[in-house]
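**Q** Below is one structure. I have some questions about it.
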Amino acid sequence: MATSDSEFNPDLLLAHKLPETRSTYNERDVAIYALGVGACGQDAVDSDELKFVYHENGQEHIQVLPTFVSLFSLGSLTHGLDLPGFKYDPSLLLHGQQYIEVYRPLPSKASLINKVSLAGLQDKGKAAILEIETRSYEQGSDELLCMNRSWGFSNSYQPFSYKNYPSTQSLAVKIPQTQPSAVCEERTQPSQALLYRLSGDYNPLHSDPNVAKLARFPRPILHGLCTLGFAIKAIIKCICKGDPSTVKTISGRFLATVFLTKVKERNKAVLSGYVDIRGETEDANVFNEVINFVDLVHVPGKYQKVITDS
Ligand SMILES: CCCCCCCCCCCCC/C=C/C(=O)SCCNC(=O)CCNC(=O)[C@H](O)C(C)(C)COP(=O)(O)OP(=O)(O)OC[C@H]1O[C@@H](n2cnc3c(N)ncnc32)[C@H](O)[C@@H]1OP(=O)(O)O
């Protein structure tokens, strides 16, 4: 719905500098996140997933899921951003898309400085889409660890388009008609959003029935980044031979809202995207492979199915 133009000043908005944020995490945070995206959710000794929550076989460090880095973008987003020249209602904000680049294997504990900027603003008439970019540097070494770009759907003002990055990084995935190369089924728990929120996204849209109703949902909805975490965990299991460090780039678009514990089944694609994977051939030449996770079908409270196509 269009909002008064007097509340919209693109020059002011684009000139605004967003403040840096800081993140510190340890192995406990890494394990809680992994549980929040379903690690060992069906089997407490799952040999593919135990390493994300426990020092399996005496391993020195818990392994970190690549989607863990999406948490670094939350600092500036979950409580709403104060944006001069752009008034919006944070309770009606929907997460539309997330793009992630991971530059090196993730340490199991770190302190980071997150540099935040406005990467794009697309007002398509139906909704305004604000794109916030977060670059996370390890404190001390100043090494760039990862980058997140988050798309938020909000109220519309007037047609407008600004983007400061290549359009190849925001493309919607075309769902191929071919047979998938792998299929993985996962089950979300009725309490999934309550568990996932402990990783830092405390937006009551995901936990409070009254807030959900105010946002015109019949009940709390699942965090989009939780759905993405489930999908990438499945790709690591089915495609990456269990190695989370092979994931280089992730792009996920949230297609439809995910509800939990709704009795009536629905069969709907809720996520599409791709993962760019680094790996090695037998002669040790590094190659990259792009995997489309074309269709994540979610049957509430039952199964999530990730269908991948390479
Ligand atoms: C503004 C404030 C600043 C913050 C900015 C960044 C913040 C990001 C984080 C925000 C976190 C807020 C708290 C919420 C957290 C959540 O987790 S919410 C749960 C997860 N998300 C969802 O459940 C959303 C599910 N998706 C939908 O409901 C719909 O897809 C949609 C997003 C409402 C869009 O549907 P619709 O309006 O019907 O879109 P279309 O008519 O099909 O397309 C219109 C144009 O928009 C493009 N588009 C469509 N979907 C997306 C998408 N998901 N992401 C990005 N872009 C999308 C589409 O291509 C169309 O563009 P054009 O072709 O150019 O016209």
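Residues in the structure tokens are numbered from 1 in each chain, the chains being A, B, ... in the order shown, and ligands are numbered from 1 in the order shown.
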How would you write, as a CSV table (one decimal) with N, CA, C and O atoms, in the first residue's frame, the set of residues no farther than 7 Å from ligand 1 when counting only C-alpha atoms and all ligand atoms?
**A**
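What follows is the written file pocket14.csv:
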```csv
chain,number,residue,atom,x,y,z
A,77,LEU,N,19.1,-5.0,12.5
A,77,LEU,CA,17.8,-5.2,11.8
A,77,LEU,C,16.6,-5.5,12.7
A,77,LEU,O,15.5,-5.1,12.5
A,78,THR,N,16.9,-6.4,13.7
A,78,THR,CA,15.8,-6.9,14.5
A,78,THR,C,15.0,-5.9,15.3
A,78,THR,O,13.8,-6.1,15.5
A,80,GLY,N,14.5,-2.9,14.4
A,80,GLY,CA,14.1,-1.8,13.5
A,80,GLY,C,15.2,-0.8,13.3
A,80,GLY,O,16.0,-0.6,14.2
A,81,LEU,N,15.4,-0.3,12.1
A,81,LEU,CA,16.4,0.7,11.8
A,81,LEU,C,15.8,2.1,11.8
A,81,LEU,O,14.7,2.3,11.3
A,88,TYR,N,8.7,3.4,8.2
A,88,TYR,CA,8.1,2.1,7.9
A,88,TYR,C,7.7,1.5,9.3
A,88,TYR,O,8.2,1.9,10.3
A,90,PRO,N,8.1,-1.5,11.6
A,90,PRO,CA,8.9,-2.7,11.7
A,90,PRO,C,8.1,-4.0,11.9
A,90,PRO,O,8.5,-5.1,11.5
A,93,LEU,N,7.2,-5.5,8.6
A,93,LEU,CA,8.4,-5.8,7.7
A,93,LEU,C,8.5,-7.3,7.5
A,93,LEU,O,8.4,-8.1,8.4
A,94,LEU,N,8.6,-7.7,6.2
A,94,LEU,CA,8.8,-9.2,5.9
A,94,LEU,C,10.2,-9.3,5.3
A,94,LEU,O,10.7,-8.5,4.5
A,95,HIS,N,10.8,-10.4,5.7
A,95,HIS,CA,12.2,-10.7,5.1
A,95,HIS,C,12.0,-11.4,3.8
A,95,HIS,O,11.4,-12.5,3.7
A,96,GLY,N,12.5,-10.8,2.7
A,96,GLY,CA,12.2,-11.3,1.4
A,96,GLY,C,13.3,-12.2,0.8
A,96,GLY,O,13.1,-13.2,0.2
A,97,GLN,N,14.6,-11.9,1.1
A,97,GLN,CA,15.7,-12.6,0.5
A,97,GLN,C,16.9,-12.4,1.3
A,97,GLN,O,17.1,-11.4,2.0
A,124,LYS,N,8.6,-1.0,-5.9
A,124,LYS,CA,8.0,-1.6,-7.1
A,124,LYS,C,6.5,-1.2,-7.1
A,124,LYS,O,5.7,-1.8,-7.9
A,126,LYS,N,4.0,-2.0,-5.3
A,126,LYS,CA,3.3,-2.9,-4.4
A,126,LYS,C,3.9,-2.8,-3.0
A,126,LYS,O,3.3,-2.8,-2.0
A,127,ALA,N,5.3,-2.8,-3.0
A,127,ALA,CA,6.0,-2.7,-1.8
A,127,ALA,C,7.4,-2.1,-2.1
A,127,ALA,O,7.8,-2.1,-3.2
A,129,ILE,N,11.4,-2.4,-1.3
A,129,ILE,CA,12.3,-3.4,-0.8
A,129,ILE,C,13.6,-2.8,-0.5
A,129,ILE,O,14.3,-2.2,-1.4
A,130,LEU,N,13.9,-2.8,0.8
A,130,LEU,CA,15.2,-2.2,1.3
A,130,LEU,C,16.2,-3.3,1.4
A,130,LEU,O,16.0,-4.3,1.9
A,131,GLU,N,17.5,-3.0,1.0
A,131,GLU,CA,18.5,-4.0,1.0
A,131,GLU,C,19.7,-3.5,1.9
A,131,GLU,O,20.2,-2.4,1.6
A,132,ILE,N,19.9,-4.2,2.9
A,132,ILE,CA,21.0,-3.8,3.9
A,132,ILE,C,22.1,-4.8,3.7
A,132,ILE,O,21.9,-6.0,3.8
A,150,SER,N,20.5,-8.4,3.1
A,150,SER,CA,19.2,-8.8,3.5
A,150,SER,C,18.2,-7.9,2.8
A,150,SER,O,18.3,-6.7,2.8
A,151,TRP,N,17.1,-8.5,2.3
A,151,TRP,CA,16.1,-7.7,1.6
A,151,TRP,C,14.8,-7.7,2.5
A,151,TRP,O,14.3,-8.7,3.0
A,152,GLY,N,14.4,-6.5,2.8
A,152,GLY,CA,13.1,-6.4,3.6
A,152,GLY,C,12.0,-5.8,2.9
A,152,GLY,O,12.2,-4.7,2.2
A,153,PHE,N,10.8,-6.4,2.9
A,153,PHE,CA,9.6,-5.9,2.2
A,153,PHE,C,8.9,-4.9,3.2
A,153,PHE,O,8.5,-5.4,4.3
A,154,SER,N,8.6,-3.7,2.7
A,154,SER,CA,7.9,-2.8,3.5
A,154,SER,C,6.9,-2.0,2.7
A,154,SER,O,6.7,-2.3,1.5
A,172,ALA,N,16.4,-14.0,-9.2
A,172,ALA,CA,15.5,-15.1,-8.7
A,172,ALA,C,15.9,-16.4,-9.5
A,172,ALA,O,16.2,-16.3,-10.6
A,203,ASN,N,12.2,-11.0,17.4
A,203,ASN,CA,11.0,-10.3,16.8
A,203,ASN,C,9.8,-11.2,17.3
A,203,ASN,O,9.7,-12.3,17.0
A,221,ILE,N,4.9,-16.9,12.7
A,221,ILE,CA,5.5,-17.5,11.5
A,221,ILE,C,7.0,-17.8,11.8
A,221,ILE,O,7.6,-17.3,12.7
A,222,LEU,N,7.5,-18.7,11.0
A,222,LEU,CA,8.9,-19.1,11.2
A,222,LEU,C,9.8,-18.1,10.6
A,222,LEU,O,9.5,-17.5,9.6
A,223,HIS,N,11.0,-17.9,11.3
A,223,HIS,CA,12.0,-16.9,10.7
A,223,HIS,C,12.4,-17.5,9.4
A,223,HIS,O,12.8,-18.6,9.2
A,224,GLY,N,12.5,-16.5,8.4
A,224,GLY,CA,13.0,-17.0,7.1
A,224,GLY,C,14.4,-17.5,7.1
A,224,GLY,O,14.7,-18.5,6.5
A,225,LEU,N,15.2,-17.0,8.0
A,225,LEU,CA,16.6,-17.5,8.1
A,225,LEU,C,16.7,-18.8,8.7
A,225,LEU,O,17.7,-19.6,8.5
A,253,ARG,N,15.5,-17.0,-1.5
A,253,ARG,CA,14.4,-16.1,-1.6
A,253,ARG,C,13.2,-16.7,-0.9
A,253,ARG,O,12.8,-17.9,-1.2
A,254,PHE,N,12.6,-16.0,0.1
A,254,PHE,CA,11.5,-16.5,0.8
A,254,PHE,C,10.2,-16.3,0.0
A,254,PHE,O,9.8,-15.2,-0.2
A,255,LEU,N,9.6,-17.4,-0.4
A,255,LEU,CA,8.5,-17.3,-1.4
A,255,LEU,C,7.2,-17.2,-0.7
A,255,LEU,O,6.2,-16.6,-1.2
A,256,ALA,N,7.1,-17.9,0.4
A,256,ALA,CA,5.8,-17.9,1.1
A,256,ALA,C,6.0,-18.1,2.6
A,256,ALA,O,7.1,-18.6,3.0
A,257,THR,N,5.1,-17.6,3.4
A,257,THR,CA,5.2,-17.7,4.9
A,257,THR,C,5.2,-19.1,5.4
A,257,THR,O,4.4,-19.9,4.9
A,258,VAL,N,6.0,-19.4,6.3
A,258,VAL,CA,6.0,-20.8,6.9
A,258,VAL,C,5.3,-20.7,8.3
A,258,VAL,O,5.8,-20.0,9.2
```
**Q** Give me the residues of range 135-222 of chain A that have any atom at most 6 Å from an atom of range 23-47 of chain A; for each, the nearest atom pair and the distance in Å, rounded to one decimal. Use only C-alpha atoms, sort by chain and number, and format it as a Markdown table.
**A**
```
| residue | atom | partner | partner_atom | distance |
| --- | --- | --- | --- | --- |
| A:Leu195 | CA | A:Gly36 | CA | 5.3 |
| A:Tyr196 | CA | A:Gly36 | CA | 4.1 |
| A:Ser199 | CA | A:Tyr33 | CA | 5.6 |
```
**Q** Could you turn the residues from that selection into a file that holds N, CA, C and O atoms, as an mmCIF file, in the first residue's frame?
**A**
```cif
data_model
loop_
_atom_site.group_PDB
_atom_site.id
_atom_site.type_symbol
_atom_site.label_atom_id
_atom_site.label_comp_id
_atom_site.auth_asym_id
_atom_site.auth_seq_id
_atom_site.Cartn_x
_atom_site.Cartn_y
_atom_site.Cartn_z
ATOM 1 N N LEU A 195 12.789 -22.031 19.539
ATOM 2 C CA LEU A 195 14.181 -22.437 19.717
ATOM 3 C C LEU A 195 15.111 -21.543 18.884
ATOM 4 O O LEU A 195 16.129 -21.060 19.365
ATOM 5 N N TYR A 196 14.718 -21.299 17.642
ATOM 6 C CA TYR A 196 15.574 -20.515 16.746
ATOM 7 C C TYR A 196 15.778 -19.091 17.269
ATOM 8 O O TYR A 196 16.868 -18.509 17.160
ATOM 9 N N SER A 199 18.813 -17.633 19.131
ATOM 10 C CA SER A 199 20.054 -17.223 18.457
ATOM 11 C C SER A 199 20.094 -15.724 18.219
ATOM 12 O O SER A 199 21.054 -15.221 17.625
#
```
**Q** What's the separation between CA of Asn114 in chain A and CA of Leu83 in chain A, in Å to one decimal place?
**A** 17.9 Å
**Q** Per DSSP on the backbone, filter range 85-260 of chain A down to the residues in helix (DSSP H, G or I) and report them as a short mmCIF file (atom, residue, chain, number, x, y, z; two decimals) with all heavy atoms, in the first residue's frame.
**A**
```
data_model
loop_
_atom_site.label_atom_id
_atom_site.label_comp_id
_atom_site.auth_asym_id
_atom_site.auth_seq_id
_atom_site.Cartn_x
_atom_site.Cartn_y
_atom_site.Cartn_z
N PRO A 90 8.09 -1.51 11.58
CA PRO A 90 8.91 -2.73 11.71
C PRO A 90 8.07 -3.99 11.92
O PRO A 90 8.47 -5.08 11.50
CB PRO A 90 9.77 -2.45 12.95
CG PRO A 90 9.67 -1.00 13.21
CD PRO A 90 8.40 -0.51 12.59
N SER A 91 6.87 -3.83 12.51
CA SER A 91 6.07 -5.03 12.78
C SER A 91 5.45 -5.59 11.49
O SER A 91 4.98 -6.73 11.47
CB SER A 91 4.97 -4.73 13.81
OG SER A 91 4.06 -3.83 13.27
N LEU A 92 5.45 -4.78 10.42
CA LEU A 92 4.89 -5.28 9.16
C LEU A 92 5.99 -5.64 8.15
O LEU A 92 5.71 -6.00 7.01
CB LEU A 92 3.95 -4.23 8.55
CG LEU A 92 2.72 -3.87 9.40
CD1 LEU A 92 1.86 -2.83 8.70
CD2 LEU A 92 1.88 -5.12 9.70
N SER A 167 23.77 -7.08 -10.64
CA SER A 167 22.42 -7.66 -10.57
C SER A 167 22.47 -9.19 -10.54
O SER A 167 21.51 -9.84 -10.13
CB SER A 167 21.56 -7.19 -11.73
OG SER A 167 22.24 -7.45 -12.93
N THR A 168 23.61 -9.81 -10.95
CA THR A 168 23.72 -11.27 -10.88
C THR A 168 23.61 -11.78 -9.43
O THR A 168 23.32 -12.94 -9.19
CB THR A 168 25.08 -11.73 -11.43
OG1 THR A 168 26.09 -10.89 -10.87
CG2 THR A 168 25.13 -11.67 -12.93
N GLN A 169 23.84 -10.89 -8.47
CA GLN A 169 23.80 -11.33 -7.06
C GLN A 169 22.39 -11.28 -6.48
O GLN A 169 22.20 -11.53 -5.30
CB GLN A 169 24.73 -10.46 -6.21
CG GLN A 169 26.20 -10.67 -6.55
CD GLN A 169 27.11 -9.83 -5.67
OE1 GLN A 169 26.67 -8.98 -4.93
NE2 GLN A 169 28.40 -10.07 -5.79
N SER A 170 21.39 -10.89 -7.27
CA SER A 170 20.03 -10.84 -6.70
C SER A 170 19.01 -11.54 -7.58
O SER A 170 17.83 -11.33 -7.47
CB SER A 170 19.61 -9.39 -6.48
OG SER A 170 19.53 -8.72 -7.71
N GLN A 192 9.89 -24.89 16.77
CA GLN A 192 11.11 -24.50 16.05
C GLN A 192 11.44 -23.01 16.17
O GLN A 192 12.59 -22.63 16.43
CB GLN A 192 10.97 -24.87 14.56
CG GLN A 192 12.31 -25.07 13.87
CD GLN A 192 13.04 -26.31 14.38
OE1 GLN A 192 12.45 -27.38 14.41
NE2 GLN A 192 14.28 -26.16 14.81
N ALA A 193 10.43 -22.15 15.99
CA ALA A 193 10.69 -20.70 16.03
C ALA A 193 11.10 -20.27 17.44
O ALA A 193 11.92 -19.37 17.61
CB ALA A 193 9.46 -19.93 15.57
N LEU A 194 10.54 -20.94 18.45
CA LEU A 194 10.88 -20.58 19.85
C LEU A 194 12.33 -20.94 20.15
O LEU A 194 13.01 -20.25 20.91
CB LEU A 194 9.93 -21.29 20.82
CG LEU A 194 8.46 -20.89 20.69
CD1 LEU A 194 7.57 -21.75 21.59
CD2 LEU A 194 8.28 -19.41 21.02
N LEU A 195 12.79 -22.03 19.54
CA LEU A 195 14.18 -22.44 19.72
C LEU A 195 15.11 -21.54 18.88
O LEU A 195 16.13 -21.06 19.37
CB LEU A 195 14.33 -23.91 19.32
CG LEU A 195 15.70 -24.56 19.42
CD1 LEU A 195 16.29 -24.41 20.82
CD2 LEU A 195 15.61 -26.04 19.05
N TYR A 196 14.72 -21.30 17.64
CA TYR A 196 15.57 -20.51 16.75
C TYR A 196 15.78 -19.09 17.27
O TYR A 196 16.87 -18.51 17.16
CB TYR A 196 14.98 -20.47 15.32
CG TYR A 196 15.85 -19.67 14.38
CD1 TYR A 196 16.96 -20.24 13.77
CD2 TYR A 196 15.60 -18.32 14.15
CE1 TYR A 196 17.80 -19.50 12.96
CE2 TYR A 196 16.43 -17.56 13.34
CZ TYR A 196 17.53 -18.16 12.75
OH TYR A 196 18.36 -17.41 11.96
N ARG A 197 14.73 -18.51 17.89
CA ARG A 197 14.84 -17.11 18.33
C ARG A 197 15.95 -16.91 19.37
O ARG A 197 16.49 -15.82 19.50
CB ARG A 197 13.49 -16.60 18.87
CG ARG A 197 13.08 -17.15 20.20
CD ARG A 197 11.64 -16.78 20.52
NE ARG A 197 11.49 -15.41 21.00
CZ ARG A 197 11.68 -15.03 22.25
NH1 ARG A 197 12.04 -15.91 23.17
NH2 ARG A 197 11.51 -13.79 22.60
N LEU A 198 16.33 -18.00 20.06
CA LEU A 198 17.37 -17.90 21.08
C LEU A 198 18.73 -17.55 20.46
O LEU A 198 19.67 -17.19 21.16
CB LEU A 198 17.48 -19.20 21.89
CG LEU A 198 16.19 -19.60 22.63
CD1 LEU A 198 16.39 -20.89 23.39
CD2 LEU A 198 15.74 -18.49 23.58
N SER A 199 18.81 -17.63 19.13
CA SER A 199 20.05 -17.22 18.46
C SER A 199 20.09 -15.72 18.22
O SER A 199 21.05 -15.22 17.62
CB SER A 199 20.21 -17.97 17.13
OG SER A 199 20.61 -19.30 17.38
N PRO A 204 8.80 -10.51 17.99
CA PRO A 204 7.65 -11.27 18.51
C PRO A 204 6.73 -11.83 17.44
O PRO A 204 5.87 -12.67 17.74
CB PRO A 204 6.91 -10.24 19.39
CG PRO A 204 7.40 -8.91 18.95
CD PRO A 204 8.77 -9.10 18.37
N LEU A 205 6.95 -11.42 16.19
CA LEU A 205 6.19 -11.98 15.07
C LEU A 205 6.33 -13.51 15.03
O LEU A 205 5.48 -14.22 14.53
CB LEU A 205 6.73 -11.38 13.76
CG LEU A 205 6.09 -11.76 12.45
CD1 LEU A 205 4.62 -11.33 12.42
CD2 LEU A 205 6.85 -11.13 11.29
N HIS A 206 7.43 -14.01 15.60
CA HIS A 206 7.74 -15.44 15.55
C HIS A 206 7.35 -16.18 16.83
O HIS A 206 7.58 -17.38 16.94
CB HIS A 206 9.23 -15.63 15.28
CG HIS A 206 9.72 -14.87 14.09
ND1 HIS A 206 9.32 -15.17 12.81
CD2 HIS A 206 10.53 -13.79 13.98
CE1 HIS A 206 9.88 -14.32 11.96
NE2 HIS A 206 10.61 -13.48 12.66
N PRO A 209 1.33 -14.75 19.62
CA PRO A 209 0.13 -14.88 18.78
C PRO A 209 -0.56 -13.54 18.54
O PRO A 209 -1.08 -13.29 17.44
CB PRO A 209 -0.79 -15.81 19.58
CG PRO A 209 0.07 -16.44 20.61
CD PRO A 209 1.27 -15.58 20.82
N ASN A 210 -0.53 -12.64 19.54
CA ASN A 210 -1.21 -11.35 19.37
C ASN A 210 -0.47 -10.46 18.36
O ASN A 210 -1.10 -9.80 17.53
CB ASN A 210 -1.34 -10.63 20.71
CG ASN A 210 -2.26 -11.41 21.64
OD1 ASN A 210 -3.27 -11.96 21.18
ND2 ASN A 210 -1.91 -11.49 22.91
N VAL A 211 0.86 -10.47 18.45
CA VAL A 211 1.65 -9.68 17.50
C VAL A 211 1.45 -10.24 16.08
O VAL A 211 1.30 -9.49 15.11
CB VAL A 211 3.14 -9.68 17.90
CG1 VAL A 211 4.00 -9.03 16.82
CG2 VAL A 211 3.33 -8.97 19.23
N ALA A 212 1.42 -11.56 15.96
CA ALA A 212 1.22 -12.19 14.64
C ALA A 212 -0.12 -11.74 14.06
O ALA A 212 -0.21 -11.40 12.87
CB ALA A 212 1.28 -13.70 14.77
N LYS A 213 -1.15 -11.68 14.90
CA LYS A 213 -2.48 -11.26 14.40
C LYS A 213 -2.46 -9.81 13.94
O LYS A 213 -3.05 -9.46 12.92
CB LYS A 213 -3.54 -11.46 15.49
CG LYS A 213 -3.86 -12.94 15.68
CD LYS A 213 -5.25 -13.17 16.26
CE LYS A 213 -5.57 -14.66 16.22
NZ LYS A 213 -4.97 -15.43 17.32
N LEU A 214 -1.73 -8.96 14.71
CA LEU A 214 -1.62 -7.55 14.30
C LEU A 214 -0.96 -7.43 12.92
O LEU A 214 -1.27 -6.52 12.15
CB LEU A 214 -0.78 -6.76 15.32
CG LEU A 214 -1.48 -6.38 16.63
CD1 LEU A 214 -0.48 -5.70 17.56
CD2 LEU A 214 -2.66 -5.45 16.34
N GLY A 224 12.49 -16.55 8.37
CA GLY A 224 12.96 -16.95 7.05
C GLY A 224 14.37 -17.55 7.13
O GLY A 224 14.69 -18.53 6.46
N LEU A 225 15.21 -16.97 7.99
CA LEU A 225 16.59 -17.46 8.08
C LEU A 225 16.67 -18.85 8.71
O LEU A 225 17.66 -19.56 8.53
CB LEU A 225 17.46 -16.46 8.86
CG LEU A 225 17.73 -15.15 8.14
CD1 LEU A 225 18.54 -14.20 9.04
CD2 LEU A 225 18.47 -15.39 6.82
N CYS A 226 15.65 -19.23 9.46
CA CYS A 226 15.60 -20.60 10.00
C CYS A 226 15.32 -21.57 8.86
O CYS A 226 15.98 -22.60 8.72
CB CYS A 226 14.53 -20.69 11.10
SG CYS A 226 14.38 -22.34 11.81
N THR A 227 14.35 -21.22 8.01
CA THR A 227 14.06 -22.05 6.84
C THR A 227 15.32 -22.20 5.98
O THR A 227 15.66 -23.30 5.53
CB THR A 227 12.94 -21.39 6.00
OG1 THR A 227 11.85 -21.07 6.86
CG2 THR A 227 12.46 -22.30 4.90
N LEU A 228 16.03 -21.09 5.78
CA LEU A 228 17.25 -21.14 4.96
C LEU A 228 18.30 -22.05 5.63
O LEU A 228 18.98 -22.82 4.96
CB LEU A 228 17.81 -19.72 4.79
CG LEU A 228 18.99 -19.58 3.83
CD1 LEU A 228 18.60 -19.91 2.40
CD2 LEU A 228 19.58 -18.17 3.88
N GLY A 229 18.41 -21.97 6.95
CA GLY A 229 19.36 -22.81 7.68
C GLY A 229 19.06 -24.30 7.48
O GLY A 229 19.97 -25.11 7.26
N PHE A 230 17.78 -24.67 7.53
CA PHE A 230 17.39 -26.07 7.28
C PHE A 230 17.83 -26.50 5.88
O PHE A 230 18.38 -27.60 5.69
CB PHE A 230 15.85 -26.21 7.36
CG PHE A 230 15.35 -26.68 8.70
CD1 PHE A 230 15.08 -25.77 9.70
CD2 PHE A 230 15.14 -28.02 8.95
CE1 PHE A 230 14.61 -26.19 10.93
CE2 PHE A 230 14.68 -28.46 10.18
CZ PHE A 230 14.40 -27.54 11.18
N ALA A 231 17.58 -25.62 4.89
CA ALA A 231 17.87 -25.99 3.49
C ALA A 231 19.38 -26.18 3.28
O ALA A 231 19.80 -27.16 2.65
CB ALA A 231 17.34 -24.90 2.56
N ILE A 232 20.18 -25.27 3.82
CA ILE A 232 21.62 -25.36 3.56
C ILE A 232 22.22 -26.55 4.33
O ILE A 232 23.13 -27.22 3.85
CB ILE A 232 22.32 -24.03 3.94
CG1 ILE A 232 21.69 -22.86 3.18
CG2 ILE A 232 23.83 -24.11 3.67
CD1 ILE A 232 21.62 -23.04 1.68
N LYS A 233 21.68 -26.82 5.50
CA LYS A 233 22.14 -28.00 6.26
C LYS A 233 21.89 -29.28 5.44
O LYS A 233 22.73 -30.18 5.39
CB LYS A 233 21.42 -28.06 7.62
CG LYS A 233 21.89 -29.17 8.54
CD LYS A 233 21.38 -28.96 9.96
CE LYS A 233 19.88 -28.96 10.09
NZ LYS A 233 19.19 -30.20 9.71
N ALA A 234 20.74 -29.31 4.77
CA ALA A 234 20.41 -30.48 3.94
C ALA A 234 21.36 -30.59 2.74
O ALA A 234 21.78 -31.68 2.36
CB ALA A 234 18.97 -30.38 3.46
N ILE A 235 21.71 -29.43 2.16
CA ILE A 235 22.63 -29.46 1.01
C ILE A 235 24.02 -29.92 1.45
O ILE A 235 24.69 -30.68 0.75
CB ILE A 235 22.66 -28.07 0.33
CG1 ILE A 235 21.35 -27.89 -0.44
CG2 ILE A 235 23.87 -27.90 -0.59
CD1 ILE A 235 21.11 -26.53 -0.99
N ILE A 236 24.45 -29.48 2.64
CA ILE A 236 25.76 -29.93 3.14
C ILE A 236 25.75 -31.45 3.30
O ILE A 236 26.70 -32.15 2.94
CB ILE A 236 26.08 -29.22 4.48
CG1 ILE A 236 26.32 -27.73 4.23
CG2 ILE A 236 27.29 -29.85 5.17
CD1 ILE A 236 26.35 -26.88 5.48
N LYS A 237 24.62 -31.96 3.79
CA LYS A 237 24.52 -33.41 4.01
C LYS A 237 24.47 -34.17 2.67
O LYS A 237 25.19 -35.13 2.45
CB LYS A 237 23.24 -33.70 4.81
CG LYS A 237 23.06 -35.16 5.19
CD LYS A 237 21.69 -35.41 5.81
CE LYS A 237 21.67 -35.12 7.28
NZ LYS A 237 20.44 -35.58 7.96
N CYS A 238 23.60 -33.69 1.73
CA CYS A 238 23.35 -34.47 0.51
C CYS A 238 24.38 -34.23 -0.58
O CYS A 238 24.61 -35.10 -1.42
CB CYS A 238 21.99 -34.11 -0.09
SG CYS A 238 20.61 -34.42 0.98
N PRO A 244 30.91 -28.41 5.85
CA PRO A 244 30.29 -27.09 5.79
C PRO A 244 31.20 -26.02 5.19
O PRO A 244 30.73 -25.01 4.68
CB PRO A 244 29.98 -26.76 7.26
CG PRO A 244 30.92 -27.60 8.06
CD PRO A 244 31.18 -28.83 7.24
N SER A 245 32.53 -26.28 5.21
CA SER A 245 33.46 -25.24 4.73
C SER A 245 33.47 -25.13 3.21
O SER A 245 34.09 -24.23 2.66
CB SER A 245 34.87 -25.51 5.26
OG SER A 245 35.39 -26.65 4.62
N THR A 246 32.79 -26.05 2.51
CA THR A 246 32.77 -25.97 1.05
C THR A 246 31.76 -24.95 0.53
O THR A 246 31.76 -24.62 -0.64
CB THR A 246 32.43 -27.34 0.42
OG1 THR A 246 31.18 -27.77 0.96
CG2 THR A 246 33.49 -28.38 0.72
#
```
**Q** Counting only C-alpha atoms, figure out which residue out of A:Gln98, A:Ser207, A:Ile113, A:Pro105 gets nearest to Ser272 in chain A.
**A**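 Comparing A:Gln98, A:Ser207, A:Ile113, A:Pro105 against Ser272 in chain A, the winner is A:Gln98.
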**Q** Quick one: everything within 12 Å of Phe160 in chain A, counting only C-alpha atoms, minus sequence neighbours fewer than 3 positions away in the same chain. Send it as a PyMOL selection string.
**A** chain A and resi 5+8-11+14+120-130+156-157+163
**Q** Please identify which residues in range 105-145 of chain A DSSP calls strand (DSSP E) from the backbone, and express them as an NGL selection string.
**A** :A and (110-123 or 128-138 or 144-145)
**Q** May I ask for the distance between CA of Leu18 in chain A and CA of Asn148 in chain A, given in Å to one decimal place?
**A**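 A separation of 14.8 Å between them.
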**Q** Give me, please, the distance in Å between CA of Glu20 in chain A and CA of Val69 in chain A, quoted to one decimal.
**A**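 CA of Val69 in chain A lies 16.0 Å from CA of Glu20 in chain A.
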**Q** Got a sec: who's within 12 Å of Tyr137 in chain A, counting only C-alpha atoms, leaving out chain neighbours fewer than 2 positions off, as a ChimeraX atom specification?
**A** /A:20-24,69,72,102-104,106,110-116,134-135,139-148
**Q** Ranking A:Phe259, A:Lys17, A:Tyr274, A:Glu60 by minimum distance to Arg219 in chain A and counting only C-alpha atoms, which one comes first?
**A**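 Between A:Phe259, A:Lys17, A:Tyr274, A:Glu60, the residue approaching Arg219 in chain A most closely is A:Phe259.
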